[in-house]
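Chemist: Here's a structure for you.
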Amino acid sequence: MGTYMSGLTMKAYAKINLGLDVVRRLENGYHEVKMVMQTVGIADVLTFEKRAEGIVITTDAGELPTDENNLIYKAARLMQERYQMKEGVTVHLEKHIPIAAGMAGGSTDAAATLKGMRELFGLDCTDQELREIGVKIGADVPYCVMGGTALAEGIGEVLTALPAAPDCILVVAKPDINVSTKYVYEHLDAMEGYAHPDIDGMVAAIKEGCLGGVVERLGNVLETVTVEAHPIIDVIKQKMLEMGAEGSLMSGSGPTVFGIFNDRETAEKACAQIAKEQLAKQVFVTSFV
Ligand code: ATP
């Protein structure tokens with residue numbers, strides 16, 4: 001975070017799910033989940049500047065809306081309403097996080113906007129208040145306000161901070177396919193029964209600082225749906241293991257796949273191989289943040 005002139009720059013970090021379980025479907029169509037969330041070193045850059053009135057969004061990501069459909073707009077609007085602000089804001093978004101990927105790209109931009117507006121206008125509000133505003137935008141926004149390693153329950157908004165997950169190197173690969181979150185949950189609902197990942201065991205492993213225990217318990221119930229519809233997800237998972245990953249998993253509702261590696265050199269090789277075989281258009285080597 002840094003200030004220049006009347007402007008302010010903030011990084012909005014992506015997340016992955018080390019574990020994702022769906023406990024049950026709720027009456028209102030939402031799902032009760034149990035997820036282990038982890039911030040990773042892939043980030044969008046947002047620049048905020050005051051303006052006389054209104055909300056103006058510019059971005060280098062041509063495919064994204066810049067009107068009220070952008071989650072940045074929704075976040076800015078909610079802040080203006082909540083704090084009865086007369087002034088407006090211009091937000092420029094430099095997009096680095098893969099879009100519609102299961103990495104909470106939009107949610108983290110919204111969270112950065114809540115924090116950016118607080119900073120830019122010197123508003124007196126707590127992180128807890130920002131989390132409460134954030135959940136109106138999306139279930140993942142409160143977590144994005146918090147960041148780090150966390151257990152997310154409820155619809156994703158009931159958060160328990162965890163100690164930092166054990167260090168490792170990650171390869172993150174987003175295949176060039178589109179997965180609809182709605183489709184994934186609907187198909188999961190139609191399933192008879194599915195294996196639930198051991199989220200409690202993973203939380204214990206994180207508390208013990210045991211990477212092996214985390215790797216052993218990597219699990220995402222949504223994979224059962226997405227892998228069937230998009231076999232490329234499993235191809236990438238297997239490629240990561242073949243290239244030396246300790247474990248690999250799909251993040252969120254996909255289609256992004258990540259692999260956990262012990263050393264950077266092996267991770268770089270896996271990354272290069274995935275790119276070479278054109279299994280994914282966007283591939284990164286990164287780590288937990
Ligand atoms: P999640 O993990 O929360 O499901 P995601 O990574 O699957 O998120 P996003 O990248 O957050 O998906 O965005 C999905 C859709 O939301 C996009 O197709 C886009 O049109 C819309 N959207 C609105 N605002 C943004 C934003 N600031 N960044 C990215 N997408 C946005």
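Ordering of the structure tokens sets the chain letters (A, B, ...), residue numbers begin anew at 1 in every chain, and ligands are numbered from 1 in the order given.
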With the cut-off set at 6 Å and counting only C-alpha atoms and all ligand atoms, tabulate each residue of chain A with an atom at most that distance from an atom of ligand 1, showing the nearest atom pair and its distance in Å to one decimal, ordered by chain and increasing number, as a tab-separated table.

Modeler:
residue	atom	partner	partner_atom_place_in_ligand_line	distance
A:Leu64	CA	ligand 1	20 (O)	5.4
A:Asn69	CA	ligand 1	23 (C)	5.7
A:Asn70	CA	ligand 1	24 (N)	3.4
A:Leu71	CA	ligand 1	24 (N)	4.1
A:Ile72	CA	ligand 1	27 (N)	5.5
A:Ile99	CA	ligand 1	10 (O)	3.6
A:Ala100	CA	ligand 1	12 (O)	3.3
A:Ala101	CA	ligand 1	6 (O)	3.9
A:Gly102	CA	ligand 1	2 (O)	3.4
A:Met103	CA	ligand 1	6 (O)	4.0
A:Ala104	CA	ligand 1	2 (O)	3.4
A:Gly105	CA	ligand 1	11 (O)	3.9
A:Gly106	CA	ligand 1	11 (O)	3.3
A:Ser107	CA	ligand 1	11 (O)	5.5
A:Asp109	CA	ligand 1	27 (N)	5.2
A:Asp140	CA	ligand 1	3 (O)	5.9
A:Gly252	CA	ligand 1	2 (O)	5.5

Chemist: Enumerate the residues of segment 33-146 of chain A with a DSSP assignment of alpha helix (DSSP H), computed from the backbone, and present them as a PyMOL selection string.

Modeler: chain A and resi 71-82+105-120+127-134+141-146

Chemist: Could you check the closest approach to Val89 of chain A for each of A:Ile177, A:Ile233, A:Leu8, A:Ile16 and tell me which residue wins, using only C-alpha atoms?

Modeler: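 The answer is A:Leu8, which sits nearest to Val89 of chain A.
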
Chemist: Contacts of segment 60-62 of chain A at 7 Å or less, counting only C-alpha atoms, minus same-chain residues fewer than 2 places along, as a PyMOL selection string?

Modeler: chain A and resi 64+93-95

Chemist: Counting only C-alpha atoms, figure out which residue out of A:Met146, A:Ala280, A:Ile274, A:Val179 gets nearest to Val225 of chain A.

Modeler: A:Val179

Chemist: So which residues touch segment 163-176 of chain A within 9 Å, counting only C-alpha atoms, skipping near sequence neighbours fewer than 2 positions away, as a tab-separated table (two decimals) with all heavy atoms, in the first residue's frame?

Modeler:
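Output saved as part_28.tsv:
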chain	number	residue	atom	x	y	z
A	38	GLN	N	-6.59	-19.96	1.74
A	38	GLN	CA	-5.19	-19.56	1.81
A	38	GLN	C	-4.87	-18.49	0.77
A	38	GLN	O	-5.12	-18.70	-0.42
A	38	GLN	CB	-4.29	-20.79	1.59
A	38	GLN	CG	-2.82	-20.48	1.52
A	38	GLN	CD	-2.28	-19.89	2.83
A	38	GLN	OE1	-2.46	-20.45	3.90
A	38	GLN	NE2	-1.65	-18.71	2.75
A	40	VAL	N	-2.59	-16.44	-1.75
A	40	VAL	CA	-1.39	-16.75	-2.54
A	40	VAL	C	-0.86	-15.48	-3.20
A	40	VAL	O	-1.56	-14.47	-3.30
A	40	VAL	CB	-1.68	-17.85	-3.61
A	40	VAL	CG1	-2.12	-19.15	-2.94
A	40	VAL	CG2	-2.72	-17.39	-4.61
A	98	PRO	N	-6.35	-14.72	-12.68
A	98	PRO	CA	-7.23	-15.30	-13.71
A	98	PRO	C	-8.70	-15.04	-13.36
A	98	PRO	O	-9.08	-15.11	-12.20
A	98	PRO	CB	-6.89	-16.79	-13.66
A	98	PRO	CG	-5.51	-16.86	-13.11
A	98	PRO	CD	-5.39	-15.72	-12.15
A	101	ALA	N	-12.07	-18.13	-12.13
A	101	ALA	CA	-11.09	-19.20	-12.00
A	101	ALA	C	-11.22	-20.02	-10.72
A	101	ALA	O	-10.59	-21.06	-10.58
A	101	ALA	CB	-9.69	-18.59	-12.05
A	148	GLY	N	-4.73	-14.33	4.61
A	148	GLY	CA	-3.94	-15.31	5.34
A	148	GLY	C	-4.53	-16.70	5.27
A	148	GLY	O	-5.16	-17.07	4.28
A	149	THR	N	-4.31	-17.48	6.33
A	149	THR	CA	-4.85	-18.84	6.39
A	149	THR	C	-6.06	-18.81	7.31
A	149	THR	O	-5.99	-18.26	8.41
A	149	THR	CB	-3.80	-19.82	6.97
A	149	THR	OG1	-2.57	-19.62	6.27
A	149	THR	CG2	-4.24	-21.26	6.83
A	150	ALA	N	-7.19	-19.36	6.86
A	150	ALA	CA	-8.40	-19.30	7.68
A	150	ALA	C	-9.33	-20.47	7.39
A	150	ALA	O	-9.34	-21.01	6.29
A	150	ALA	CB	-9.14	-17.98	7.44
A	161	ALA	N	-9.39	-17.40	12.11
A	161	ALA	CA	-8.01	-17.25	11.64
A	161	ALA	C	-7.20	-18.45	12.10
A	161	ALA	O	-7.38	-18.94	13.22
A	161	ALA	CB	-7.43	-15.95	12.18
A	178	ASN	N	-14.31	-22.49	-19.29
A	178	ASN	CA	-15.17	-21.77	-18.36
A	178	ASN	C	-16.03	-22.73	-17.58
A	178	ASN	O	-16.66	-23.61	-18.15
A	178	ASN	CB	-16.04	-20.77	-19.11
A	178	ASN	CG	-15.21	-19.62	-19.65
A	178	ASN	OD1	-14.38	-19.06	-18.93
A	178	ASN	ND2	-15.40	-19.29	-20.91
A	205	ALA	N	-3.40	-30.17	11.23
A	205	ALA	CA	-2.09	-30.24	10.58
A	205	ALA	C	-1.48	-28.84	10.44
A	205	ALA	O	-0.28	-28.65	10.63
A	205	ALA	CB	-2.20	-30.93	9.22
A	206	ILE	N	-2.31	-27.87	10.10
A	206	ILE	CA	-1.83	-26.48	9.96
A	206	ILE	C	-1.36	-25.97	11.32
A	206	ILE	O	-0.30	-25.35	11.43
A	206	ILE	CB	-2.94	-25.58	9.36
A	206	ILE	CG1	-3.14	-25.92	7.88
A	206	ILE	CG2	-2.59	-24.09	9.53
A	206	ILE	CD1	-4.35	-25.28	7.23
A	207	LYS	N	-2.14	-26.28	12.36
A	207	LYS	CA	-1.75	-25.84	13.71
A	207	LYS	C	-0.44	-26.47	14.15
A	207	LYS	O	0.32	-25.89	14.90
A	207	LYS	CB	-2.86	-26.15	14.72
A	207	LYS	CG	-4.06	-25.22	14.55
A	207	LYS	CD	-5.17	-25.53	15.54
A	207	LYS	CE	-6.31	-24.54	15.40
A	207	LYS	NZ	-7.53	-24.99	16.13
A	209	GLY	N	1.90	-27.21	12.03
A	209	GLY	CA	2.92	-26.79	11.07
A	209	GLY	C	3.42	-27.96	10.23
A	209	GLY	O	4.57	-27.98	9.80
A	210	CYS	N	2.53	-28.93	9.97
A	210	CYS	CA	2.92	-30.15	9.27
A	210	CYS	C	2.42	-30.13	7.82
A	210	CYS	O	1.24	-30.40	7.55
A	210	CYS	CB	2.33	-31.36	10.02
A	210	CYS	SG	2.56	-32.91	9.17
A	211	LEU	N	3.34	-29.81	6.89
A	211	LEU	CA	2.95	-29.73	5.47
A	211	LEU	C	2.45	-31.08	4.95
A	211	LEU	O	1.47	-31.14	4.20
A	211	LEU	CB	4.11	-29.22	4.61
A	211	LEU	CG	3.79	-28.96	3.14
A	211	LEU	CD1	2.73	-27.88	2.98
A	211	LEU	CD2	5.05	-28.59	2.36
A	214	VAL	N	-1.09	-31.59	5.69
A	214	VAL	CA	-1.95	-30.75	4.84
A	214	VAL	C	-2.09	-31.44	3.48
A	214	VAL	O	-3.20	-31.63	2.97
A	214	VAL	CB	-1.35	-29.33	4.66
A	214	VAL	CG1	-2.13	-28.53	3.61
A	214	VAL	CG2	-1.34	-28.58	6.00
A	232	ILE	N	-9.72	-32.12	-18.51
A	232	ILE	CA	-8.43	-31.40	-18.52
A	232	ILE	C	-7.98	-31.08	-17.09
A	232	ILE	O	-6.78	-31.03	-16.81
A	232	ILE	CB	-8.52	-30.11	-19.38
A	232	ILE	CG1	-7.18	-29.38	-19.47
A	232	ILE	CG2	-9.55	-29.13	-18.83
A	232	ILE	CD1	-6.19	-29.98	-20.38
A	233	ILE	N	-8.93	-30.89	-16.18
A	233	ILE	CA	-8.59	-30.57	-14.79
A	233	ILE	C	-7.79	-31.73	-14.19
A	233	ILE	O	-6.76	-31.52	-13.54
A	233	ILE	CB	-9.86	-30.26	-13.98
A	233	ILE	CG1	-10.47	-28.94	-14.46
A	233	ILE	CG2	-9.57	-30.21	-12.47
A	233	ILE	CD1	-11.87	-28.66	-13.94
A	236	ILE	N	-4.24	-31.99	-15.71
A	236	ILE	CA	-3.29	-31.04	-15.11
A	236	ILE	C	-2.87	-31.52	-13.71
A	236	ILE	O	-1.69	-31.47	-13.36
A	236	ILE	CB	-3.88	-29.61	-15.05
A	236	ILE	CG1	-4.14	-29.09	-16.47
A	236	ILE	CG2	-2.93	-28.66	-14.30
A	236	ILE	CD1	-4.88	-27.78	-16.53
A	240	MET	N	1.02	-32.41	-12.71
A	240	MET	CA	1.74	-31.80	-11.59
A	240	MET	C	2.39	-32.88	-10.72
A	240	MET	O	3.55	-32.76	-10.32
A	240	MET	CB	0.81	-30.93	-10.77
A	240	MET	CG	0.44	-29.62	-11.47
A	240	MET	SD	-0.37	-28.50	-10.34
A	240	MET	CE	-0.74	-27.13	-11.44
A	245	ALA	N	5.08	-32.80	-7.87
A	245	ALA	CA	4.27	-32.16	-6.83
A	245	ALA	C	4.02	-33.15	-5.69
A	245	ALA	O	3.87	-34.35	-5.92
A	245	ALA	CB	2.94	-31.68	-7.40
A	254	GLY	N	-13.37	-24.15	-9.49
A	254	GLY	CA	-12.51	-24.39	-10.64
A	254	GLY	C	-12.58	-23.27	-11.66
A	254	GLY	O	-13.25	-22.27	-11.44
A	255	PRO	N	-11.88	-23.49	-12.78
A	255	PRO	CA	-11.12	-24.69	-13.13
A	255	PRO	C	-9.64	-24.64	-12.71
A	255	PRO	O	-8.90	-25.54	-13.07
A	255	PRO	CB	-11.22	-24.71	-14.65
A	255	PRO	CG	-11.22	-23.26	-15.04
A	255	PRO	CD	-11.96	-22.55	-13.92
A	256	THR	N	-9.22	-23.63	-11.95
A	256	THR	CA	-7.81	-23.53	-11.58
A	256	THR	C	-7.35	-24.72	-10.74
A	256	THR	O	-8.05	-25.15	-9.83
A	256	THR	CB	-7.55	-22.22	-10.80
A	256	THR	OG1	-7.87	-21.13	-11.65
A	256	THR	CG2	-6.09	-22.10	-10.37
A	257	VAL	N	-6.16	-25.22	-11.08
A	257	VAL	CA	-5.54	-26.33	-10.34
A	257	VAL	C	-4.24	-25.81	-9.74
A	257	VAL	O	-3.53	-25.03	-10.37
A	257	VAL	CB	-5.22	-27.51	-11.29
A	257	VAL	CG1	-4.44	-28.60	-10.57
A	257	VAL	CG2	-6.51	-28.07	-11.89
A	258	PHE	N	-3.96	-26.21	-8.49
A	258	PHE	CA	-2.66	-25.86	-7.92
A	258	PHE	C	-1.93	-27.13	-7.50
A	258	PHE	O	-2.54	-28.15	-7.20
A	258	PHE	CB	-2.81	-24.89	-6.73
A	258	PHE	CG	-3.51	-25.48	-5.53
A	258	PHE	CD1	-2.79	-26.16	-4.55
A	258	PHE	CD2	-4.89	-25.37	-5.37
A	258	PHE	CE1	-3.44	-26.72	-3.46
A	258	PHE	CE2	-5.54	-25.92	-4.28
A	258	PHE	CZ	-4.80	-26.59	-3.31
A	259	GLY	N	-0.60	-27.03	-7.49
A	259	GLY	CA	0.24	-28.13	-7.02
A	259	GLY	C	1.15	-27.60	-5.93
A	259	GLY	O	1.59	-26.45	-6.00
A	260	ILE	N	1.40	-28.44	-4.92
A	260	ILE	CA	2.29	-28.07	-3.82
A	260	ILE	C	3.64	-28.74	-4.02
A	260	ILE	O	3.71	-29.96	-4.19
A	260	ILE	CB	1.66	-28.47	-2.47
A	260	ILE	CG1	0.42	-27.59	-2.22
A	260	ILE	CG2	2.67	-28.37	-1.32
A	260	ILE	CD1	-0.23	-27.80	-0.86
A	261	PHE	N	4.69	-27.94	-4.03
A	261	PHE	CA	6.05	-28.43	-4.27
A	261	PHE	C	6.97	-28.09	-3.10
A	261	PHE	O	6.76	-27.10	-2.40
A	261	PHE	CB	6.63	-27.80	-5.55
A	261	PHE	CG	5.93	-28.25	-6.81
A	261	PHE	CD1	4.70	-27.73	-7.17
A	261	PHE	CD2	6.51	-29.22	-7.64
A	261	PHE	CE1	4.05	-28.15	-8.33
A	261	PHE	CE2	5.87	-29.64	-8.80
A	261	PHE	CZ	4.64	-29.11	-9.14
A	262	ASN	N	8.00	-28.91	-2.93
A	262	ASN	CA	8.98	-28.65	-1.88
A	262	ASN	C	10.05	-27.66	-2.30
A	262	ASN	O	10.61	-26.96	-1.47
A	262	ASN	CB	9.65	-29.95	-1.43
A	262	ASN	CG	8.76	-30.73	-0.46
A	262	ASN	OD1	8.06	-30.13	0.34
A	262	ASN	ND2	8.79	-32.05	-0.56
A	263	ASP	N	10.37	-27.65	-3.60
A	263	ASP	CA	11.42	-26.73	-4.03
A	263	ASP	C	11.06	-26.01	-5.33
A	263	ASP	O	10.29	-26.51	-6.15
A	263	ASP	CB	12.77	-27.46	-4.16
A	263	ASP	CG	12.75	-28.45	-5.30
A	263	ASP	OD1	12.15	-29.53	-5.12
A	263	ASP	OD2	13.28	-28.13	-6.37
A	264	ARG	N	11.66	-24.83	-5.47
A	264	ARG	CA	11.33	-23.94	-6.57
A	264	ARG	C	11.74	-24.50	-7.93
A	264	ARG	O	11.01	-24.34	-8.91
A	264	ARG	CB	11.97	-22.57	-6.33
A	264	ARG	CG	11.59	-21.51	-7.35
A	264	ARG	CD	11.94	-20.11	-6.89
A	264	ARG	NE	11.08	-19.62	-5.83
A	264	ARG	CZ	9.90	-19.00	-6.05
A	264	ARG	NH1	9.47	-18.81	-7.28
A	264	ARG	NH2	9.16	-18.60	-5.04
A	267	ALA	N	9.25	-26.90	-9.17
A	267	ALA	CA	8.02	-26.17	-9.50
A	267	ALA	C	8.16	-25.44	-10.83
A	267	ALA	O	7.25	-25.46	-11.67
A	267	ALA	CB	7.69	-25.18	-8.38
A	268	GLU	N	9.33	-24.81	-11.05
A	268	GLU	CA	9.58	-24.08	-12.31
A	268	GLU	C	9.50	-25.04	-13.50
A	268	GLU	O	8.94	-24.71	-14.54
A	268	GLU	CB	10.97	-23.42	-12.30
A	268	GLU	CG	11.18	-22.37	-11.22
A	268	GLU	CD	10.63	-20.99	-11.57
A	268	GLU	OE1	10.01	-20.85	-12.65
A	268	GLU	OE2	10.82	-20.07	-10.75
A	270	ALA	N	7.82	-27.90	-13.65
A	270	ALA	CA	6.42	-28.32	-13.83
A	270	ALA	C	5.65	-27.22	-14.55
A	270	ALA	O	4.87	-27.49	-15.47
A	270	ALA	CB	5.79	-28.61	-12.48
A	271	CYS	N	5.88	-25.98	-14.14
A	271	CYS	CA	5.22	-24.82	-14.74
A	271	CYS	C	5.53	-24.75	-16.23
A	271	CYS	O	4.63	-24.61	-17.06
A	271	CYS	CB	5.69	-23.56	-14.01
A	271	CYS	SG	5.01	-22.04	-14.68
A	274	ILE	N	3.78	-27.62	-18.22
A	274	ILE	CA	2.34	-27.40	-18.40
A	274	ILE	C	2.10	-26.37	-19.50
A	274	ILE	O	1.20	-26.52	-20.34
A	274	ILE	CB	1.70	-26.96	-17.06
A	274	ILE	CG1	1.64	-28.17	-16.12
A	274	ILE	CG2	0.29	-26.39	-17.26
A	274	ILE	CD1	1.38	-27.83	-14.67
A	275	ALA	N	2.94	-25.33	-19.52
A	275	ALA	CA	2.82	-24.30	-20.56
A	275	ALA	C	3.17	-24.90	-21.93
A	275	ALA	O	2.46	-24.69	-22.91
A	275	ALA	CB	3.73	-23.13	-20.24
A	278	GLN	N	0.65	-26.94	-23.41
A	278	GLN	CA	-0.55	-26.11	-23.58
A	278	GLN	C	-1.76	-26.65	-22.81
A	278	GLN	O	-2.89	-26.63	-23.31
A	278	GLN	CB	-0.88	-25.96	-25.07
A	278	GLN	CG	0.25	-25.26	-25.82
A	278	GLN	CD	-0.06	-25.05	-27.30
A	278	GLN	OE1	-1.10	-25.45	-27.80
A	278	GLN	NE2	0.85	-24.40	-27.99
A	279	LEU	N	-1.50	-27.14	-21.60
A	279	LEU	CA	-2.59	-27.65	-20.77
A	279	LEU	C	-3.34	-26.48	-20.12
A	279	LEU	O	-4.51	-26.60	-19.78
A	279	LEU	CB	-2.03	-28.58	-19.68
A	279	LEU	CG	-1.30	-29.83	-20.19
A	279	LEU	CD1	-0.75	-30.64	-19.04
A	279	LEU	CD2	-2.25	-30.68	-21.05
A	280	ALA	N	-2.62	-25.38	-19.94
A	280	ALA	CA	-3.23	-24.17	-19.36
A	280	ALA	C	-2.61	-22.95	-19.99
A	280	ALA	O	-1.42	-22.96	-20.33
A	280	ALA	CB	-3.00	-24.15	-17.85
A	281	LYS	N	-3.41	-21.91	-20.17
A	281	LYS	CA	-2.91	-20.66	-20.76
A	281	LYS	C	-2.20	-19.81	-19.72
A	281	LYS	O	-1.23	-19.15	-20.00
A	281	LYS	CB	-4.07	-19.87	-21.37
A	281	LYS	CG	-4.22	-20.08	-22.86
A	281	LYS	CD	-5.09	-18.99	-23.47
A	281	LYS	CE	-5.26	-19.19	-24.97
A	281	LYS	NZ	-6.33	-18.35	-25.51
A	282	GLN	N	-2.75	-19.81	-18.52
A	282	GLN	CA	-2.16	-19.02	-17.44
A	282	GLN	C	-1.54	-19.96	-16.41
A	282	GLN	O	-2.26	-20.75	-15.79
A	282	GLN	CB	-3.24	-18.15	-16.79
A	282	GLN	CG	-3.77	-17.06	-17.72
A	282	GLN	CD	-5.06	-16.44	-17.20
A	282	GLN	OE1	-6.12	-17.06	-17.18
A	282	GLN	NE2	-4.98	-15.20	-16.77
A	283	VAL	N	-0.22	-19.90	-16.25
A	283	VAL	CA	0.47	-20.74	-15.27
A	283	VAL	C	1.44	-19.88	-14.47
A	283	VAL	O	2.18	-19.07	-15.05
A	283	VAL	CB	1.29	-21.89	-15.92
A	283	VAL	CG1	1.48	-23.04	-14.94
A	283	VAL	CG2	0.65	-22.37	-17.20
A	284	PHE	N	1.45	-20.05	-13.16
A	284	PHE	CA	2.28	-19.24	-12.28
A	284	PHE	C	3.06	-20.13	-11.30
A	284	PHE	O	2.57	-21.18	-10.90
A	284	PHE	CB	1.41	-18.33	-11.39
A	284	PHE	CG	0.38	-17.52	-12.11
A	284	PHE	CD1	-0.84	-18.10	-12.50
A	284	PHE	CD2	0.58	-16.17	-12.38
A	284	PHE	CE1	-1.81	-17.33	-13.15
A	284	PHE	CE2	-0.38	-15.41	-13.01
A	284	PHE	CZ	-1.58	-15.99	-13.41
A	285	VAL	N	4.23	-19.65	-10.90
A	285	VAL	CA	4.92	-20.23	-9.74
A	285	VAL	C	4.80	-19.18	-8.65
A	285	VAL	O	5.13	-18.01	-8.85
A	285	VAL	CB	6.40	-20.52	-10.04
A	285	VAL	CG1	7.11	-21.00	-8.77
A	285	VAL	CG2	6.52	-21.57	-11.13
A	286	THR	N	4.28	-19.58	-7.50
A	286	THR	CA	4.07	-18.62	-6.42
A	286	THR	C	4.18	-19.33	-5.07
A	286	THR	O	4.70	-20.43	-4.99
A	286	THR	CB	2.70	-17.89	-6.62
A	286	THR	OG1	2.56	-16.88	-5.63
A	286	THR	CG2	1.52	-18.84	-6.55
A	287	SER	N	3.71	-18.66	-4.02
A	287	SER	CA	3.75	-19.29	-2.69
A	287	SER	C	2.61	-18.74	-1.85
A	287	SER	O	1.88	-17.85	-2.29
A	287	SER	CB	5.10	-19.00	-2.02
A	287	SER	OG	5.30	-17.60	-1.96
A	288	PHE	N	2.48	-19.25	-0.62
A	288	PHE	CA	1.46	-18.74	0.29
A	288	PHE	C	1.88	-17.33	0.73
A	288	PHE	O	3.06	-17.02	0.77
A	288	PHE	CB	1.35	-19.62	1.55
A	288	PHE	CG	0.89	-21.03	1.29
A	288	PHE	CD1	1.17	-22.03	2.21
A	288	PHE	CD2	0.14	-21.36	0.16
A	288	PHE	CE1	0.73	-23.34	2.00
A	288	PHE	CE2	-0.30	-22.66	-0.06
A	288	PHE	CZ	0.00	-23.65	0.87
A	289	VAL	N	0.89	-16.50	1.07
A	289	VAL	CA	1.19	-15.15	1.57
A	289	VAL	C	0.57	-15.03	2.96
A	289	VAL	O	-0.59	-15.34	3.14
A	289	VAL	CB	0.59	-14.06	0.64
A	289	VAL	CG1	0.75	-12.68	1.28
A	289	VAL	CG2	1.25	-14.10	-0.71

Chemist: Can you work out which one of A:Met79, A:Met85, A:Ala111, A:Val23 has the shortest atom-to-atom distance to Ala52 of chain A, counting only C-alpha atoms?

Modeler: A:Met85

Chemist: Rank A:Ile97, A:Met35, A:Leu151, A:Leu123 by their smallest atom-to-atom distance to His196 of chain A, using only C-alpha atoms, and report the top residue only.

Modeler: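 Going through A:Ile97, A:Met35, A:Leu151, A:Leu123 one by one, the smallest distance to His196 of chain A is for A:Met35.
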
Chemist: Please list as a PDB file with all heavy atoms, in the first residue's frame every residue within 9 Å of Gly154 of chain A, counting only C-alpha atoms and excluding residues in the same chain fewer than 5 positions away.

Modeler:
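Once written, out_17.pdb looks like this:
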ATOM      1  N   HIS A  31     -25.237 -22.799   0.054  1.00  0.00           N
ATOM      2  CA  HIS A  31     -24.697 -24.045   0.600  1.00  0.00           C
ATOM      3  C   HIS A  31     -23.880 -23.746   1.831  1.00  0.00           C
ATOM      4  O   HIS A  31     -23.132 -22.765   1.868  1.00  0.00           O
ATOM      5  CB  HIS A  31     -23.822 -24.744  -0.443  1.00  0.00           C
ATOM      6  CG  HIS A  31     -24.624 -25.285  -1.582  1.00  0.00           C
ATOM      7  ND1 HIS A  31     -25.058 -24.483  -2.609  1.00  0.00           N
ATOM      8  CD2 HIS A  31     -25.083 -26.532  -1.840  1.00  0.00           C
ATOM      9  CE1 HIS A  31     -25.759 -25.228  -3.464  1.00  0.00           C
ATOM     10  NE2 HIS A  31     -25.785 -26.475  -3.021  1.00  0.00           N
ATOM     11  N   GLU A  32     -24.068 -24.602   2.834  1.00  0.00           N
ATOM     12  CA  GLU A  32     -23.217 -24.479   4.015  1.00  0.00           C
ATOM     13  C   GLU A  32     -21.908 -25.181   3.675  1.00  0.00           C
ATOM     14  O   GLU A  32     -21.903 -26.336   3.244  1.00  0.00           O
ATOM     15  CB  GLU A  32     -23.889 -25.146   5.223  1.00  0.00           C
ATOM     16  CG  GLU A  32     -23.131 -24.886   6.505  1.00  0.00           C
ATOM     17  CD  GLU A  32     -23.760 -25.589   7.695  1.00  0.00           C
ATOM     18  OE1 GLU A  32     -25.014 -25.713   7.735  1.00  0.00           O
ATOM     19  OE2 GLU A  32     -22.996 -26.026   8.564  1.00  0.00           O
ATOM     20  N   VAL A  33     -20.817 -24.458   3.841  1.00  0.00           N
ATOM     21  CA  VAL A  33     -19.508 -24.983   3.437  1.00  0.00           C
ATOM     22  C   VAL A  33     -18.553 -25.046   4.616  1.00  0.00           C
ATOM     23  O   VAL A  33     -18.809 -24.479   5.685  1.00  0.00           O
ATOM     24  CB  VAL A  33     -18.884 -24.097   2.324  1.00  0.00           C
ATOM     25  CG1 VAL A  33     -19.663 -24.195   1.029  1.00  0.00           C
ATOM     26  CG2 VAL A  33     -18.764 -22.648   2.782  1.00  0.00           C
ATOM     27  N   LYS A  34     -17.457 -25.738   4.398  1.00  0.00           N
ATOM     28  CA  LYS A  34     -16.381 -25.786   5.375  1.00  0.00           C
ATOM     29  C   LYS A  34     -15.106 -25.786   4.530  1.00  0.00           C
ATOM     30  O   LYS A  34     -14.841 -26.758   3.814  1.00  0.00           O
ATOM     31  CB  LYS A  34     -16.516 -27.069   6.207  1.00  0.00           C
ATOM     32  CG  LYS A  34     -15.854 -26.968   7.561  1.00  0.00           C
ATOM     33  CD  LYS A  34     -16.324 -28.088   8.480  1.00  0.00           C
ATOM     34  CE  LYS A  34     -15.436 -28.140   9.698  1.00  0.00           C
ATOM     35  NZ  LYS A  34     -15.805 -29.214  10.616  1.00  0.00           N
ATOM     36  N   LEU A 159     -15.620 -16.883   9.989  1.00  0.00           N
ATOM     37  CA  LEU A 159     -14.177 -17.074   9.811  1.00  0.00           C
ATOM     38  C   LEU A 159     -13.431 -17.320  11.105  1.00  0.00           C
ATOM     39  O   LEU A 159     -13.701 -16.684  12.111  1.00  0.00           O
ATOM     40  CB  LEU A 159     -13.595 -15.829   9.134  1.00  0.00           C
ATOM     41  CG  LEU A 159     -14.173 -15.526   7.748  1.00  0.00           C
ATOM     42  CD1 LEU A 159     -13.794 -14.116   7.301  1.00  0.00           C
ATOM     43  CD2 LEU A 159     -13.670 -16.557   6.737  1.00  0.00           C
TER      44      LEU A 159
END

Chemist: Would you list, as a ChimeraX atom specification, the residues of segment 218-289 of chain A that end up in strand (DSSP E) under DSSP run on this structure's backbone?

Modeler: /A:219-220,247-250,257-261,282-287

Chemist: Suppose you want the space between atom CA of Thr90 of chain A and atom CA of Asp124 of chain A; what is it in Å?

Modeler: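 Distance reported for this atom pair: 20.6 Å.
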
Chemist: Could you check the closest approach to Tyr143 of chain A for each of A:Lys15, A:Lys74, A:Lys182, A:Arg25 and tell me which residue wins, using only C-alpha atoms?

Modeler: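 Counting only C-alpha atoms, the residue closest to Tyr143 of chain A is A:Lys15.
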
Chemist: Can you tell me how far atom CA of Met37 of chain A sits from atom CA of Asn17 of chain A, in Å to one decimal?

Modeler: 4.8 Å

Chemist: Of the residues A:Ala112, A:Cys125, A:Leu18, A:Val221, which is the one nearest to Phe48 of chain A, using only C-alpha atoms?

Modeler: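 The answer is A:Ala112, which sits nearest to Phe48 of chain A.
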
Chemist: Could you please determine the separation between atom CA of Lys276 of chain A and atom CA of Gln238 of chain A in Å, to one decimal place?

Modeler: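 About the pair atom CA of Lys276 of chain A and atom CA of Gln238 of chain A: they are 15.5 Å apart.
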
Chemist: Determine, counting only C-alpha atoms, which protein, DNA and RNA residues have an atom within 12 Å of an atom of Gly54 of chain A; residues of the same chain fewer than 4 positions away are not included. Present the result as a PyMOL selection string.

Modeler: chain A and resi 49-50+67-68+73+76-77+80-81+85-91
